Amino acid sequence: MPTTAVNTQKREYRGRFAPSPSGPLHFGSLIAAVGSFLDAKANQGKWLVRIEDIDTTRVVNGASDDILHTLEAYGLHWDESVIYQTQRHEQYQAIVDELISQNLVYTCHCTRKEIKAIGGIYQGHCRHKNHSLADSALRLTQQFATSNYDDLIQGEIHVDNQLAQEDYLIKRSDGLFAYQLVVVVDDIAQGISHVVRGADLLEPTARQLSLFKQLNQPAPQYAHLPLAVAKPGFKLSKQNYAPAISKKDPKPALFDALRFLGLQPEASILSLSIEQMLEWAIKTYRMELVPKSLEIQVSEDPNSAFCDFLTITK
Ligand SMILES: [Zn+2]
């Protein structure tokens, strides 16, 4: 029999970009795309794309295709087939069933409003209520509460203990699988070794780490990039009308994204092709160059040019 190498130490680098198709890519999501791409390519790794369309109530028609066309326009070519969460319900249900068979799941009827009224953290109210499955949300009994982890960019992260211990939702009462379940199941399925994404997901990462432990699977390493904010505390997002990045003229936004990530491109690289700009960036990129801040203000007015970086706040 061939010997099986224990590959927990030396995993093949597999990174990913996982946008939600709730609208076109804006500068904030471009940072996550370029950051995860450069880190993968600088480490001779694979870069995968996953469309996180699990929450169908937020999906905008045509946005998935638009996002993929935008990535192509920016020279960000993925290495394996794109996966779509809406095509993976069977796999998610199989994991839910497995957790149910281990008596780790219970039904919950508490509303968001009720949980908010007790301080926002669920206290296990329904743990022994045995509500019927119909119209119930499903919660996982937390057995691997994780409140600390090391982030490759942001350093040591500590998450509120109560939050870490919360029995969290794995399936919503409307029947949709919860984001925190599917993101972990997908990262396992895609063999993801490194997750490079925005710092707004620092806190949920602790919960995702606990689910990797629950499912007895190796977790990726996490690196959280500073968030692009319009003003302190307000990330660029579809909700605050961050403009879509241009597909026709991608170089200026790519140039700004490289600057945002700590590279110092000369203006002359704008005369190169988009592929050559990325080639230069892959050669130059090092994670240590990325500012170790949680957010970077890119402009007071999210509709103006991106490149006037104003402040870096911790
Ligand atoms: Zn409940």
# chains A, B, ... in the order shown; residues from 1 in each chain; ligands from 1
>>> residues_near_ligand(ligand="ligand 1", cutoff="6 Å", atoms="only C-alpha atoms and all ligand atoms", output="PDB file with C-alpha atoms, in the first residue's frame")
ATOM      1  CA  CYS A 108     -35.609  27.171  17.156  1.00  0.00           C
ATOM      2  CA  HIS A 109     -38.577  29.517  16.834  1.00  0.00           C
ATOM      3  CA  CYS A 110     -36.949  32.670  18.185  1.00  0.00           C
ATOM      4  CA  HIS A 125     -33.698  29.297  24.660  1.00  0.00           C
ATOM      5  CA  CYS A 126     -35.083  26.488  22.480  1.00  0.00           C
TER       6      CYS A 126
END
>>> select_by_dssp(residues="segment 48-255 of chain A", states="helix (DSSP H, G or I)", output="number ranges by chain")
A: 63-73, 85-87, 89-101, 112-117, 161-165, 179-189, 199-214, 251-255
>>> atom_distance(atom1="atom CA of Arg50 of chain A", atom2="atom CA of Gln190 of chain A")
9.3 Å
>>> closest_residue(among="A:Glu72, A:Asp65, A:Asp200, A:Glu98", to="Glu295 of chain A", atoms="only C-alpha atoms")
A:Asp200
>>> select_by_dssp(residues="segment 106-148 of chain A", states="strand (DSSP E or B)", output="number ranges by chain")
A: 106-108, 137-140, 148
>>> closest_residue(among="A:Ala223, A:Asp186, A:Arg112, A:Ser210", to="Asp151 of chain A", atoms="only C-alpha atoms")
A:Ala223
>>> decode(residues="segment 254-268 of chain A", atoms="N, CA and C atoms", output="short mmCIF file (atom, residue, chain, number, x, y, z; two decimals), in the first residue's frame")
data_model
loop_
_atom_site.label_atom_id
_atom_site.label_comp_id
_atom_site.auth_asym_id
_atom_site.auth_seq_id
_atom_site.Cartn_x
_atom_site.Cartn_y
_atom_site.Cartn_z
N LEU A 254 -7.61 49.00 -11.36
CA LEU A 254 -6.60 47.99 -10.99
C LEU A 254 -5.39 48.69 -10.38
N PHE A 255 -4.98 49.77 -10.98
CA PHE A 255 -3.84 50.55 -10.47
C PHE A 255 -4.11 50.97 -9.02
N ASP A 256 -5.31 51.48 -8.78
CA ASP A 256 -5.65 51.91 -7.42
C ASP A 256 -5.72 50.73 -6.45
N ALA A 257 -6.22 49.59 -6.94
CA ALA A 257 -6.29 48.40 -6.08
C ALA A 257 -4.89 47.97 -5.67
N LEU A 258 -3.93 48.05 -6.61
CA LEU A 258 -2.55 47.67 -6.29
C LEU A 258 -1.97 48.61 -5.23
N ARG A 259 -2.27 49.90 -5.38
CA ARG A 259 -1.80 50.86 -4.37
C ARG A 259 -2.43 50.57 -3.01
N PHE A 260 -3.71 50.28 -3.04
CA PHE A 260 -4.43 49.97 -1.81
C PHE A 260 -3.78 48.80 -1.08
N LEU A 261 -3.29 47.82 -1.85
CA LEU A 261 -2.70 46.61 -1.27
C LEU A 261 -1.24 46.81 -0.89
N GLY A 262 -0.75 48.03 -0.98
CA GLY A 262 0.59 48.33 -0.48
C GLY A 262 1.66 48.28 -1.55
N LEU A 263 1.30 47.99 -2.79
CA LEU A 263 2.30 48.04 -3.87
C LEU A 263 2.47 49.49 -4.29
N GLN A 264 3.61 49.78 -4.93
CA GLN A 264 3.85 51.16 -5.34
C GLN A 264 4.13 51.22 -6.82
N PRO A 265 3.08 50.97 -7.62
CA PRO A 265 3.30 50.99 -9.06
C PRO A 265 3.62 52.40 -9.56
N GLU A 266 4.51 52.49 -10.53
CA GLU A 266 4.75 53.76 -11.21
C GLU A 266 3.60 54.00 -12.16
N ALA A 267 3.28 55.26 -12.37
CA ALA A 267 2.18 55.59 -13.30
C ALA A 267 2.42 54.98 -14.68
N SER A 268 3.72 54.75 -15.00
CA SER A 268 4.03 54.24 -16.34
C SER A 268 3.45 52.84 -16.58
#
